[in-house]
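Asker: I am sharing work-v1.cif, which consists of mmCIF, C-alpha atoms:
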```
data_data
loop_
_atom_site.label_atom_id
_atom_site.label_comp_id
_atom_site.auth_asym_id
_atom_site.auth_seq_id
_atom_site.Cartn_x
_atom_site.Cartn_y
_atom_site.Cartn_z
CA MET T 139 21.54 -7.51 -19.72
CA SER T 140 20.17 -4.53 -21.62
CA GLU T 141 17.19 -2.58 -20.35
CA SER T 142 14.87 -4.06 -23.01
CA GLU T 143 15.71 -7.63 -22.04
CA TYR T 144 14.43 -7.50 -18.46
CA LEU T 145 10.74 -7.68 -17.58
CA ASN T 146 9.20 -6.35 -20.77
CA VAL T 147 6.44 -3.88 -20.04
CA VAL T 148 4.00 -2.57 -22.61
CA PRO T 149 3.84 1.25 -22.88
CA GLN T 150 0.39 2.53 -21.91
CA GLU T 151 -1.57 5.61 -22.92
CA ASP T 152 -1.86 8.06 -20.02
CA ARG T 153 -5.47 9.24 -20.17
CA SER T 154 -4.71 12.11 -17.77
CA GLU T 155 -2.18 13.66 -20.15
CA GLY T 156 -2.99 17.29 -20.83
CA MET T 157 -5.78 17.32 -18.25
CA GLY T 158 -6.61 20.55 -16.44
CA THR T 159 -6.25 21.24 -12.73
CA GLY T 160 -9.92 20.54 -11.94
CA GLY T 161 -9.79 17.08 -13.50
CA LEU T 162 -6.55 16.21 -11.72
CA ILE T 163 -8.08 17.26 -8.39
CA LEU T 164 -11.04 14.92 -8.93
CA LEU T 165 -8.69 12.08 -9.81
CA GLY T 166 -6.68 12.82 -6.67
CA LEU T 167 -9.88 12.75 -4.62
CA GLN T 168 -10.63 9.32 -6.09
CA HIS T 169 -7.31 8.01 -4.79
CA THR T 170 -8.02 9.63 -1.40
CA PHE T 171 -11.24 7.64 -1.05
CA THR T 172 -9.39 4.50 -2.09
CA MET T 173 -6.63 4.76 0.52
CA PHE T 174 -8.75 6.12 3.38
CA GLY T 175 -10.23 2.94 4.85
CA ALA T 176 -6.95 1.06 5.25
CA THR T 177 -5.04 4.13 6.40
CA VAL T 178 -7.42 4.83 9.31
CA LEU T 179 -7.89 1.14 10.22
CA VAL T 180 -4.28 0.81 11.41
CA PRO T 181 -4.67 3.68 13.95
CA TYR T 182 -7.90 2.13 15.22
CA LEU T 183 -6.16 -1.19 15.88
CA THR T 184 -3.01 0.31 17.42
CA GLY T 185 -4.26 3.40 19.28
CA ILE T 186 -2.30 5.84 17.10
CA PRO T 187 -4.34 9.05 16.56
CA VAL T 188 -6.17 8.90 13.23
CA ASN T 189 -5.33 12.47 12.26
CA VAL T 190 -1.62 11.79 12.84
CA ALA T 191 -1.79 8.74 10.55
CA LEU T 192 -3.44 10.78 7.78
CA PHE T 193 -1.00 13.65 8.27
CA THR T 194 2.09 11.42 8.08
CA ALA T 195 0.67 9.44 5.14
CA GLY T 196 0.33 12.68 3.19
CA LEU T 197 3.76 13.97 4.16
CA GLY T 198 5.33 10.54 3.60
CA THR T 199 3.87 10.34 0.09
CA LEU T 200 5.25 13.77 -0.80
CA LEU T 201 8.67 12.81 0.61
CA PHE T 202 8.64 9.59 -1.44
CA HIS T 203 7.86 11.54 -4.62
CA TRP T 204 10.76 13.91 -3.93
CA ILE T 205 13.21 11.04 -3.34
CA THR T 206 12.04 9.30 -6.55
CA LYS T 207 12.44 12.43 -8.72
CA TRP T 208 8.67 13.01 -8.91
CA LYS T 209 8.31 10.13 -11.40
CA VAL T 210 6.46 7.27 -9.66
CA PRO T 211 2.63 7.45 -9.26
CA VAL T 212 2.45 5.98 -5.76
CA PHE T 213 0.50 6.69 -2.58
CA LEU T 214 1.93 5.61 0.77
CA GLY T 215 -0.43 4.80 3.62
CA SER T 216 -0.40 3.00 6.97
CA SER T 217 1.35 -0.38 6.87
CA PHE T 218 -0.44 -3.43 8.29
CA ALA T 219 2.83 -5.33 8.74
CA TYR T 220 3.66 -3.48 11.95
CA ILE T 221 0.29 -3.80 13.74
CA ALA T 222 1.15 -6.83 15.93
CA PRO T 223 4.55 -5.54 17.16
CA ILE T 224 3.12 -2.04 17.82
CA VAL T 225 0.37 -3.57 19.96
CA ALA T 226 2.92 -5.78 21.75
CA VAL T 227 5.14 -2.80 22.60
CA VAL T 228 2.25 -0.62 23.82
CA MET T 229 0.82 -3.42 25.97
CA HIS T 230 4.29 -4.10 27.42
CA TYR T 231 4.78 -0.54 28.59
CA MET T 232 1.18 -0.20 29.81
CA ASN T 233 1.70 -3.31 31.93
CA GLU T 234 4.95 -1.85 33.27
CA ALA T 235 2.94 1.23 34.29
CA GLY T 236 0.46 -0.97 36.15
CA LEU T 237 -2.44 -0.49 33.72
CA GLY T 238 -4.35 -3.76 33.61
CA TYR T 239 -6.07 -3.64 30.22
CA ASN T 240 -6.38 -6.67 27.97
CA ASN T 241 -6.29 -4.73 24.71
CA ILE T 242 -5.75 -1.27 23.30
CA GLN T 243 -9.41 -0.64 22.47
CA ASP T 244 -10.41 -1.08 26.13
CA ALA T 245 -7.71 1.39 27.18
CA VAL T 246 -8.88 3.94 24.59
CA ALA T 247 -12.51 3.51 25.67
CA ALA T 248 -11.46 4.16 29.29
CA GLY T 249 -9.80 7.42 28.25
CA VAL T 250 -6.18 6.34 28.78
CA ASP T 251 -3.63 8.60 27.08
CA LEU T 252 -1.62 6.07 25.06
CA LYS T 253 0.93 8.48 23.64
CA PRO T 254 3.59 7.89 26.35
CA TYR T 255 3.50 4.17 25.49
CA LEU T 256 3.00 4.57 21.75
CA ALA T 257 6.13 6.74 21.65
CA TYR T 258 8.28 3.64 22.24
CA ALA T 259 6.56 1.87 19.31
CA THR T 260 6.99 4.87 17.01
CA GLY T 261 10.66 4.97 18.01
CA GLY T 262 10.93 1.40 16.73
CA ILE T 263 9.13 2.44 13.54
CA PHE T 264 11.61 5.30 13.06
CA LEU T 265 14.50 2.83 13.26
CA ALA T 266 12.75 0.31 10.99
CA GLY T 267 12.47 3.01 8.32
CA LEU T 268 16.21 3.60 8.52
CA VAL T 269 16.76 -0.13 7.97
CA LYS T 270 14.63 0.01 4.81
CA PHE T 271 16.61 3.05 3.70
CA GLY T 272 19.78 1.02 4.26
CA PHE T 273 18.43 -1.77 2.05
CA GLY T 274 17.96 0.85 -0.67
CA ILE T 275 21.59 1.90 -0.35
CA LEU T 276 22.60 -1.77 -0.58
CA ILE T 277 20.67 -2.18 -3.85
CA LYS T 278 22.40 0.92 -5.20
CA PHE T 279 25.75 -0.60 -4.21
CA ILE T 280 25.19 -4.03 -5.80
CA GLY T 281 23.73 -2.48 -8.97
CA ILE T 282 20.38 -2.83 -10.70
CA ARG T 283 21.57 -5.59 -13.06
CA ARG T 284 22.59 -7.92 -10.20
CA PHE T 285 19.33 -7.08 -8.43
CA GLU T 286 17.29 -7.91 -11.54
CA LYS T 287 18.94 -11.33 -11.78
CA LEU T 288 17.39 -12.17 -8.40
CA PHE T 289 13.93 -11.37 -9.77
CA PRO T 290 13.47 -12.93 -13.23
CA PRO T 291 10.04 -12.35 -14.80
CA VAL T 292 8.72 -15.66 -13.44
CA ILE T 293 9.25 -14.35 -9.89
CA SER T 294 8.23 -10.71 -10.41
CA GLY T 295 5.10 -11.69 -12.38
CA THR T 296 4.06 -14.21 -9.73
CA MET T 297 4.64 -11.61 -7.00
CA ILE T 298 2.23 -9.24 -8.75
CA ILE T 299 -0.39 -12.00 -8.96
CA LEU T 300 0.07 -12.70 -5.25
CA ILE T 301 -0.41 -9.04 -4.29
CA GLY T 302 -3.95 -9.17 -5.68
CA LEU T 303 -4.81 -12.67 -4.45
CA ILE T 304 -3.48 -12.13 -0.91
CA LEU T 305 -5.63 -9.00 -0.60
CA SER T 306 -8.75 -10.58 -2.10
CA PRO T 307 -10.11 -11.96 1.23
CA VAL T 308 -9.99 -8.40 2.60
CA ALA T 309 -12.27 -7.20 -0.20
CA ILE T 310 -14.65 -10.13 0.25
CA ASN T 311 -14.87 -9.59 4.02
CA MET T 312 -15.61 -5.89 3.50
CA ALA T 313 -18.29 -6.61 0.91
CA SER T 314 -19.92 -9.40 2.93
CA GLY T 315 -21.36 -6.90 5.42
CA ASN T 316 -24.02 -6.09 2.82
CA TRP T 317 -23.63 -7.77 -0.55
CA TRP T 318 -26.40 -5.77 -2.24
CA ILE T 319 -24.72 -2.45 -1.48
CA ALA T 320 -21.30 -3.86 -2.42
CA LEU T 321 -22.62 -5.07 -5.77
CA VAL T 322 -24.24 -1.69 -6.47
CA SER T 323 -20.91 0.10 -6.03
CA LEU T 324 -19.03 -2.61 -7.96
CA PHE T 325 -21.32 -2.66 -11.00
CA THR T 326 -21.61 1.13 -11.05
CA ALA T 327 -17.82 1.40 -11.32
CA VAL T 328 -17.72 -1.26 -14.06
CA ILE T 329 -20.51 0.36 -16.08
CA VAL T 330 -18.95 3.84 -15.83
CA ARG T 331 -15.52 2.53 -16.84
CA LEU T 332 -16.66 0.39 -19.77
CA TYR T 333 -19.78 2.07 -21.14
CA THR T 334 -19.26 5.82 -20.73
CA ARG T 335 -17.06 8.27 -22.57
CA GLY T 336 -15.18 11.43 -21.67
CA PHE T 337 -14.01 12.36 -18.19
CA SER T 338 -16.53 10.16 -16.36
CA ARG T 339 -14.74 6.97 -17.37
CA LEU T 340 -11.64 8.22 -15.52
CA ILE T 341 -13.46 8.43 -12.17
CA PRO T 342 -15.37 5.11 -11.94
CA VAL T 343 -14.39 4.67 -8.29
CA ILE T 344 -15.95 8.02 -7.34
CA TRP T 345 -19.16 7.12 -9.19
CA GLY T 346 -19.23 3.71 -7.53
CA ILE T 347 -18.84 5.29 -4.09
CA ILE T 348 -21.46 7.99 -4.76
CA VAL T 349 -24.13 5.58 -6.01
CA GLY T 350 -23.33 3.00 -3.34
CA TYR T 351 -23.43 5.69 -0.63
CA ILE T 352 -26.81 7.00 -1.83
CA VAL T 353 -28.30 3.49 -1.87
CA ALA T 354 -26.84 2.78 1.58
CA ALA T 355 -28.27 6.06 2.94
CA ILE T 356 -31.74 5.39 1.49
CA THR T 357 -31.76 1.90 3.04
CA GLY T 358 -30.66 3.19 6.45
CA ASN T 359 -27.10 1.84 6.33
CA VAL T 360 -25.28 5.16 6.88
CA SER T 361 -24.67 6.72 10.29
CA PHE T 362 -24.08 10.48 10.46
CA ALA T 363 -23.60 10.57 14.24
CA GLU T 364 -19.84 11.06 14.11
CA VAL T 365 -20.18 13.75 11.41
CA GLY T 366 -22.43 15.79 13.68
CA THR T 367 -20.09 15.69 16.67
CA ALA T 368 -16.78 16.15 14.82
CA SER T 369 -15.14 19.59 14.92
CA TRP T 370 -14.28 21.64 11.86
CA VAL T 371 -10.67 22.33 12.82
CA GLY T 372 -8.20 19.97 14.49
CA ILE T 373 -4.45 19.84 14.98
CA PRO T 374 -2.76 16.41 14.65
CA GLU T 375 -1.70 15.09 18.08
CA ILE T 376 1.97 14.87 17.17
CA TYR T 377 4.39 13.39 19.74
CA LEU T 378 8.07 12.55 19.45
CA PRO T 379 9.44 9.00 19.58
CA LYS T 380 11.18 7.29 22.49
CA PHE T 381 13.78 4.59 22.04
CA SER T 382 14.27 1.32 23.90
CA TRP T 383 15.95 -1.99 23.24
CA TYR T 384 12.67 -3.83 23.75
CA ALA T 385 10.79 -1.79 21.14
CA ALA T 386 13.68 -1.96 18.69
CA ALA T 387 13.93 -5.75 19.01
CA ALA T 388 10.18 -6.13 18.51
CA ILE T 389 9.70 -3.75 15.57
CA VAL T 390 12.93 -3.29 13.58
CA PRO T 391 13.13 -6.91 12.25
CA VAL T 392 9.66 -6.45 10.75
CA ALA T 393 11.21 -4.08 8.20
CA ILE T 394 12.58 -7.04 6.23
CA ALA T 395 9.17 -8.30 5.04
CA PRO T 396 7.82 -4.92 3.81
CA SER T 397 11.14 -4.32 2.05
CA VAL T 398 10.77 -7.53 0.04
CA GLU T 399 7.09 -6.80 -0.61
CA HIS T 400 8.08 -3.35 -1.86
CA PHE T 401 9.80 -4.96 -4.86
CA GLY T 402 6.52 -6.57 -5.90
CA ASP T 403 4.67 -3.27 -5.52
CA ILE T 404 7.14 -1.44 -7.79
CA PHE T 405 7.07 -4.27 -10.35
CA ALA T 406 3.26 -4.01 -10.33
CA ILE T 407 3.23 -0.23 -10.80
CA SER T 408 5.80 -0.54 -13.59
CA ALA T 409 3.66 -3.15 -15.37
CA VAL T 410 0.49 -1.06 -14.97
CA VAL T 411 2.01 2.21 -16.20
CA GLY T 412 4.31 0.64 -18.78
CA LYS T 413 7.47 2.28 -17.44
CA LYS T 414 10.43 0.58 -15.75
CA PHE T 415 10.40 2.50 -12.49
CA TYR T 416 12.66 -0.15 -10.95
CA GLU T 417 15.38 1.15 -13.32
CA ASP T 418 14.43 4.85 -13.48
CA PRO T 419 14.40 6.35 -10.89
CA GLY T 420 15.56 2.92 -9.64
CA MET T 421 14.52 0.38 -7.04
CA HIS T 422 17.11 1.81 -4.66
CA ARG T 423 15.39 5.20 -4.72
CA THR T 424 11.88 3.80 -4.30
CA LEU T 425 12.99 1.70 -1.31
CA MET T 426 14.91 4.62 0.19
CA GLY T 427 11.82 6.80 -0.24
CA ASP T 428 9.65 4.12 1.38
CA GLY T 429 12.09 3.89 4.29
CA LEU T 430 12.29 7.64 4.86
CA ALA T 431 8.48 7.89 4.72
CA THR T 432 8.31 5.21 7.42
CA SER T 433 10.86 7.04 9.58
CA LEU T 434 8.93 10.28 9.09
CA GLY T 435 5.78 8.54 10.29
CA GLY T 436 7.57 7.27 13.39
CA PHE T 437 9.16 10.65 14.12
CA PHE T 438 5.79 12.44 14.22
CA GLY T 439 3.96 9.68 16.13
CA GLY T 440 2.35 7.95 13.16
CA PRO T 441 2.44 4.39 11.82
CA ALA T 442 4.90 3.01 9.28
CA ASN T 443 4.09 3.92 5.67
CA THR T 444 4.08 1.62 2.66
CA THR T 445 3.09 1.71 -1.01
CA TYR T 446 -0.65 1.02 -1.34
CA SER T 447 -1.81 -1.70 -3.72
CA GLU T 448 -5.37 -0.32 -3.64
CA ASN T 449 -4.18 2.78 -5.44
CA THR T 450 -2.20 0.70 -7.92
CA GLY T 451 -5.49 -1.03 -8.73
CA VAL T 452 -7.08 2.35 -9.46
CA LEU T 453 -4.18 3.14 -11.81
CA ALA T 454 -4.82 -0.11 -13.69
CA PHE T 455 -8.56 0.56 -13.85
CA THR T 456 -8.47 4.20 -14.97
CA LYS T 457 -5.14 4.43 -16.87
CA ALA T 458 -4.60 7.91 -15.44
CA PHE T 459 -0.91 7.87 -14.50
CA ASN T 460 0.10 11.47 -13.83
CA PRO T 461 2.11 11.39 -10.54
CA TRP T 462 0.56 14.72 -9.62
CA ILE T 463 -2.69 12.83 -8.98
CA MET T 464 -1.06 10.98 -6.08
CA ARG T 465 0.44 14.17 -4.74
CA ILE T 466 -3.00 15.76 -4.79
CA ALA T 467 -4.28 12.73 -2.84
CA ALA T 468 -1.47 13.40 -0.35
CA PHE T 469 -2.63 17.00 0.07
CA PHE T 470 -6.18 15.73 0.64
CA ALA T 471 -4.88 13.35 3.33
CA ILE T 472 -3.21 16.28 5.13
CA LEU T 473 -6.41 18.31 4.75
CA LEU T 474 -8.48 15.48 6.27
CA ALA T 475 -6.09 15.44 9.22
CA LEU T 476 -6.73 19.15 9.80
CA ILE T 477 -10.54 19.09 9.26
CA PRO T 478 -12.00 16.27 11.42
CA LYS T 479 -15.58 16.85 10.20
CA VAL T 480 -14.62 16.08 6.60
CA GLY T 481 -12.72 13.01 7.78
CA ALA T 482 -15.79 11.86 9.71
CA LEU T 483 -17.92 12.27 6.56
CA VAL T 484 -15.51 10.07 4.61
CA ARG T 485 -15.53 7.51 7.46
CA SER T 486 -19.33 7.39 7.21
CA ILE T 487 -19.00 5.59 3.85
CA PRO T 488 -20.21 2.04 4.64
CA VAL T 489 -17.52 -0.64 4.50
CA PRO T 490 -19.43 -2.74 1.90
CA VAL T 491 -19.35 0.21 -0.53
CA MET T 492 -15.56 0.17 -0.51
CA GLY T 493 -15.54 -3.63 -0.42
CA GLY T 494 -17.36 -3.79 -3.74
CA ILE T 495 -14.84 -1.42 -5.31
CA GLU T 496 -11.85 -3.30 -3.92
CA ILE T 497 -13.06 -6.64 -5.28
CA LEU T 498 -12.44 -5.12 -8.68
CA LEU T 499 -9.19 -3.33 -7.82
CA PHE T 500 -7.46 -6.34 -6.25
CA GLY T 501 -8.58 -8.55 -9.11
CA MET T 502 -7.07 -6.04 -11.53
CA ILE T 503 -3.67 -6.34 -9.82
CA ALA T 504 -3.70 -10.15 -10.03
CA SER T 505 -4.68 -9.92 -13.70
CA ILE T 506 -1.80 -7.50 -14.38
CA GLY T 507 0.54 -10.14 -12.91
CA ALA T 508 -0.77 -12.74 -15.34
CA LYS T 509 -0.38 -10.22 -18.16
CA THR T 510 3.24 -9.66 -17.09
CA LEU T 511 3.99 -13.37 -17.43
CA ILE T 512 2.38 -13.41 -20.89
CA ASN T 513 4.18 -10.27 -22.11
CA ASN T 514 7.51 -11.76 -21.04
CA GLN T 515 6.69 -15.10 -22.68
CA VAL T 516 7.38 -16.99 -19.45
CA LYS T 517 7.19 -20.71 -20.22
CA VAL T 518 5.15 -22.28 -17.41
CA GLU T 519 6.98 -25.60 -17.50
CA GLY T 520 9.94 -27.25 -15.80
CA LYS T 521 11.74 -25.11 -13.23
CA ASN T 522 9.42 -22.13 -13.83
CA LEU T 523 6.39 -24.26 -13.06
CA VAL T 524 8.00 -25.50 -9.83
CA THR T 525 9.01 -21.97 -8.79
CA MET T 526 5.54 -20.53 -9.41
CA SER T 527 3.83 -23.44 -7.66
CA LEU T 528 5.87 -23.08 -4.48
CA MET T 529 5.47 -19.29 -4.45
CA LEU T 530 1.69 -19.45 -4.85
CA VAL T 531 1.18 -22.03 -2.12
CA THR T 532 3.50 -20.41 0.43
CA GLY T 533 2.05 -16.98 -0.34
CA LEU T 534 -1.60 -18.00 -0.14
CA GLY T 535 -1.54 -21.00 2.17
CA GLY T 536 -0.81 -19.21 5.43
CA ALA T 537 2.78 -20.47 5.82
CA VAL T 538 4.83 -18.52 8.37
CA PHE T 539 8.57 -18.53 9.04
CA GLN T 540 9.19 -17.20 12.55
CA ALA T 541 12.31 -16.61 14.59
CA GLY T 542 11.74 -14.76 17.83
CA ASN T 543 9.90 -11.51 17.07
CA PHE T 544 10.71 -11.79 13.36
CA ALA T 545 8.04 -13.35 11.13
CA LEU T 546 7.98 -13.75 7.35
CA GLN T 547 4.76 -14.71 5.61
CA GLY T 548 2.53 -13.89 2.65
CA LEU T 549 4.19 -12.04 -0.22
CA GLY T 550 7.51 -11.62 1.61
CA LEU T 551 7.86 -15.35 2.29
CA ALA T 552 6.75 -16.24 -1.25
CA ALA T 553 9.38 -13.89 -2.73
CA VAL T 554 12.17 -15.41 -0.63
CA VAL T 555 11.03 -18.94 -1.55
CA GLY T 556 10.93 -17.98 -5.24
CA ILE T 557 14.42 -16.45 -5.17
CA LEU T 558 15.95 -19.45 -3.39
CA VAL T 559 14.17 -22.11 -5.46
CA ASN T 560 14.90 -20.41 -8.77
CA ALA T 561 18.58 -19.93 -7.84
CA ILE T 562 18.98 -23.57 -6.78
CA LEU T 563 17.23 -24.91 -9.86
CA THR T 564 19.25 -22.64 -12.17
CA LEU T 565 22.61 -23.48 -10.59
CA THR T 566 21.90 -27.23 -10.66
CA GLY T 567 20.87 -27.17 -14.34
CA ALA T 568 17.22 -28.11 -13.79
CA SER T 569 15.16 -28.69 -16.92
CA ASP T 570 13.09 -25.92 -18.49
CA GLU T 571 10.70 -28.50 -19.95
#
```
Go ahead and render the structure in this file as structure tokens.
Answerer:
Amino acid sequence: MSESEYLNVVPQEDRSEGMGTGGLILLGLQHTFTMFGATVLVPYLTGIPVNVALFTAGLGTLLFHWITKWKVPVFLGSSFAYIAPIVAVVMHYMNEAGLGYNNIQDAVAAGVDLKPYLAYATGGIFLAGLVKFGFGILIKFIGIRRFEKLFPPVISGTMIILIGLILSPVAINMASGNWWIALVSLFTAVIVRLYTRGFSRLIPVIWGIIVGYIVAAITGNVSFAEVGTASWVGIPEIYLPKFSWYAAAAIVPVAIAPSVEHFGDIFAISAVVGKKFYEDPGMHRTLMGDGLATSLGGFFGGPANTTYSENTGVLAFTKAFNPWIMRIAAFFAILLALIPKVGALVRSIPVPVMGGIEILLFGMIASIGAKTLINNQVKVEGKNLVTMSLMLVTGLGGAVFQAGNFALQGLGLAAVVGILVNAILTLTGASDE
């Protein structure tokens, strides 16, 4: 199989090419706003300090870029896949210590220092990252051509569609808090992107947030209380991991699902940018970078890191692909970790403002998946039709495969179903018609 025969991608114009430092900084800030909500939500749900999550997201993104030869425009933020096992581990060790709280939020509200218990969870995260790194080495060993045979365009294109569709309820839930404000931010971004010229059309997300924020403030939907009380300087509350069999058994198996989902993320970024990043620098390097970023997060007391689809949506919307933009976003994440007042100001952006933006971004990802199927002339008949049908239903229908602490669902389960079904149908000579 030659390079041109697998997953045809259409080269895209990079609208950030030749741009000055000031423009790149603004584009990086746009990606910072995009990743912020999800990155700080994971710490809120798990008890991990917010500034540690931002700090490790920034460092993890820079580490990923180094591992992938500075080529892939990706931002890595807090992974949602590990929330349930982190909570389970923390609650287990709090109960062992005789603390009778029903959930992490109650313990935080009571002033309990969770770091001694979180350290066991972050130890599990550190090990899970090494497992993902090992999967990357395995892909390097088996070779990219054998790997690509597992993911024909019918599977990779459907995975990209699923990334957008699985995330779409998140955007709707965020917007539903105040639909008028959400629609203001959404339509502002659309108008700026489609009806303006020059640099403004490259920062539609920033314009959408600014206008939505102003409208929300005028209508009394913005609270500045946290901004007033936050300090100007803060040091991330870093703590080292602890290791236990219980935490490892609860968290390490979770690494399988994000590893499979990672393939879909890299296929999506490749389709958006028009470059085969899964071949150069290679899927093995992107997965190894993802794994090391996760281990780095666990080592410093942060959550697992993963490639963010929200930022891929911004790439599709703006067509500004310079990887330096993501590295600038990483520097902003580290800066937010060190200046709590600025972080509090960003957190004051109402959820519906970001919800309106993300309706567009997640829809863009799903549309890119459909475009991938079209560009590769995938015939939606016969075995391809069966494969796509089963992937879409298992990915969107809430199906879960569970064995002990290990659970596979959503995009990860859909990918496994697609690989198995396509392999069986191919080996048994199923009809293409």
Asker: Can you turn the PyMOL selection byres ((chain T and resi 222-230) around 6) into a concrete residue list for this file, as a PyMOL selection string?
Answerer: chain T and resi 184+220-221+231-233+255-256+259+385+388-389
Asker: Around (18.0, -0.6, -13.1), as given in the file, which residues come within 7 Å? Count all atoms listed in the file and list them as a PDB file with C-alpha atoms, keeping the file's coordinate frame.
Answerer:
```
ATOM      1  CA  ILE T 282      20.380  -2.830 -10.700  1.00  0.00           C
ATOM      2  CA  ARG T 283      21.570  -5.590 -13.060  1.00  0.00           C
ATOM      3  CA  TYR T 416      12.660  -0.150 -10.950  1.00  0.00           C
ATOM      4  CA  GLU T 417      15.380   1.150 -13.320  1.00  0.00           C
ATOM      5  CA  ASP T 418      14.430   4.850 -13.480  1.00  0.00           C
ATOM      6  CA  GLY T 420      15.560   2.920  -9.640  1.00  0.00           C
TER       7      GLY T 420
END
```
Asker: Expand the PyMOL selection byres ((chain T and resi 466) around 9) into the individual residues it matches in the shown file, reporting them as a PDB file with C-alpha atoms, keeping the file's coordinate frame.
Answerer:
```pdb
ATOM      1  CA  LEU T 162      -6.550  16.210 -11.720  1.00  0.00           C
ATOM      2  CA  ILE T 163      -8.080  17.260  -8.390  1.00  0.00           C
ATOM      3  CA  LEU T 165      -8.690  12.080  -9.810  1.00  0.00           C
ATOM      4  CA  GLY T 166      -6.680  12.820  -6.670  1.00  0.00           C
ATOM      5  CA  LEU T 167      -9.880  12.750  -4.620  1.00  0.00           C
ATOM      6  CA  HIS T 169      -7.310   8.010  -4.790  1.00  0.00           C
ATOM      7  CA  THR T 170      -8.020   9.630  -1.400  1.00  0.00           C
ATOM      8  CA  PRO T 461       2.110  11.390 -10.540  1.00  0.00           C
ATOM      9  CA  TRP T 462       0.560  14.720  -9.620  1.00  0.00           C
ATOM     10  CA  ILE T 463      -2.690  12.830  -8.980  1.00  0.00           C
ATOM     11  CA  MET T 464      -1.060  10.980  -6.080  1.00  0.00           C
ATOM     12  CA  ARG T 465       0.440  14.170  -4.740  1.00  0.00           C
ATOM     13  CA  ALA T 467      -4.280  12.730  -2.840  1.00  0.00           C
ATOM     14  CA  ALA T 468      -1.470  13.400  -0.350  1.00  0.00           C
ATOM     15  CA  PHE T 469      -2.630  17.000   0.070  1.00  0.00           C
ATOM     16  CA  PHE T 470      -6.180  15.730   0.640  1.00  0.00           C
ATOM     17  CA  ALA T 471      -4.880  13.350   3.330  1.00  0.00           C
TER      18      ALA T 471
END
```
Asker: Smallest atom-to-atom distance to Val559 (chain T): which of T:Phe289, T:Phe381, T:Trp208, T:Tyr182, using only C-alpha atoms?
Answerer: T:Phe289
Asker: List, as an MDAnalysis selection string, every residue that the PyMOL selection byres ((chain T and resi 510-518) around 10) selects in the file provided.
Answerer: chainID T and resid 143:148 290:296 298:299 405:406 409:410 504:509 519:527 570:571
Asker: Restrict the selected residues to C-alpha atoms and save them as an mmCIF file, keeping the file's coordinate frame.
Answerer:
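To be explicit, this is the file written out as result_16.cif:
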```
data_model
loop_
_atom_site.group_PDB
_atom_site.id
_atom_site.type_symbol
_atom_site.label_atom_id
_atom_site.label_comp_id
_atom_site.auth_asym_id
_atom_site.auth_seq_id
_atom_site.Cartn_x
_atom_site.Cartn_y
_atom_site.Cartn_z
ATOM 1 C CA GLU T 143 15.710 -7.630 -22.040
ATOM 2 C CA TYR T 144 14.430 -7.500 -18.460
ATOM 3 C CA LEU T 145 10.740 -7.680 -17.580
ATOM 4 C CA ASN T 146 9.200 -6.350 -20.770
ATOM 5 C CA VAL T 147 6.440 -3.880 -20.040
ATOM 6 C CA VAL T 148 4.000 -2.570 -22.610
ATOM 7 C CA PRO T 290 13.470 -12.930 -13.230
ATOM 8 C CA PRO T 291 10.040 -12.350 -14.800
ATOM 9 C CA VAL T 292 8.720 -15.660 -13.440
ATOM 10 C CA ILE T 293 9.250 -14.350 -9.890
ATOM 11 C CA SER T 294 8.230 -10.710 -10.410
ATOM 12 C CA GLY T 295 5.100 -11.690 -12.380
ATOM 13 C CA THR T 296 4.060 -14.210 -9.730
ATOM 14 C CA ILE T 298 2.230 -9.240 -8.750
ATOM 15 C CA ILE T 299 -0.390 -12.000 -8.960
ATOM 16 C CA PHE T 405 7.070 -4.270 -10.350
ATOM 17 C CA ALA T 406 3.260 -4.010 -10.330
ATOM 18 C CA ALA T 409 3.660 -3.150 -15.370
ATOM 19 C CA VAL T 410 0.490 -1.060 -14.970
ATOM 20 C CA ALA T 504 -3.700 -10.150 -10.030
ATOM 21 C CA SER T 505 -4.680 -9.920 -13.700
ATOM 22 C CA ILE T 506 -1.800 -7.500 -14.380
ATOM 23 C CA GLY T 507 0.540 -10.140 -12.910
ATOM 24 C CA ALA T 508 -0.770 -12.740 -15.340
ATOM 25 C CA LYS T 509 -0.380 -10.220 -18.160
ATOM 26 C CA GLU T 519 6.980 -25.600 -17.500
ATOM 27 C CA GLY T 520 9.940 -27.250 -15.800
ATOM 28 C CA LYS T 521 11.740 -25.110 -13.230
ATOM 29 C CA ASN T 522 9.420 -22.130 -13.830
ATOM 30 C CA LEU T 523 6.390 -24.260 -13.060
ATOM 31 C CA VAL T 524 8.000 -25.500 -9.830
ATOM 32 C CA THR T 525 9.010 -21.970 -8.790
ATOM 33 C CA MET T 526 5.540 -20.530 -9.410
ATOM 34 C CA SER T 527 3.830 -23.440 -7.660
ATOM 35 C CA ASP T 570 13.090 -25.920 -18.490
ATOM 36 C CA GLU T 571 10.700 -28.500 -19.950
#
```
Asker: Which value, in Å to one decimal, gives the distance between CA of Gly402 (chain T) and CA of Ala553 (chain T)?
Answerer: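 Between these atoms lies a distance of 8.5 Å.
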Asker: Separation of CA of Thr206 (chain T) and CA of Phe415 (chain T), in Å?
Answerer: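 A separation of 9.2 Å between them.
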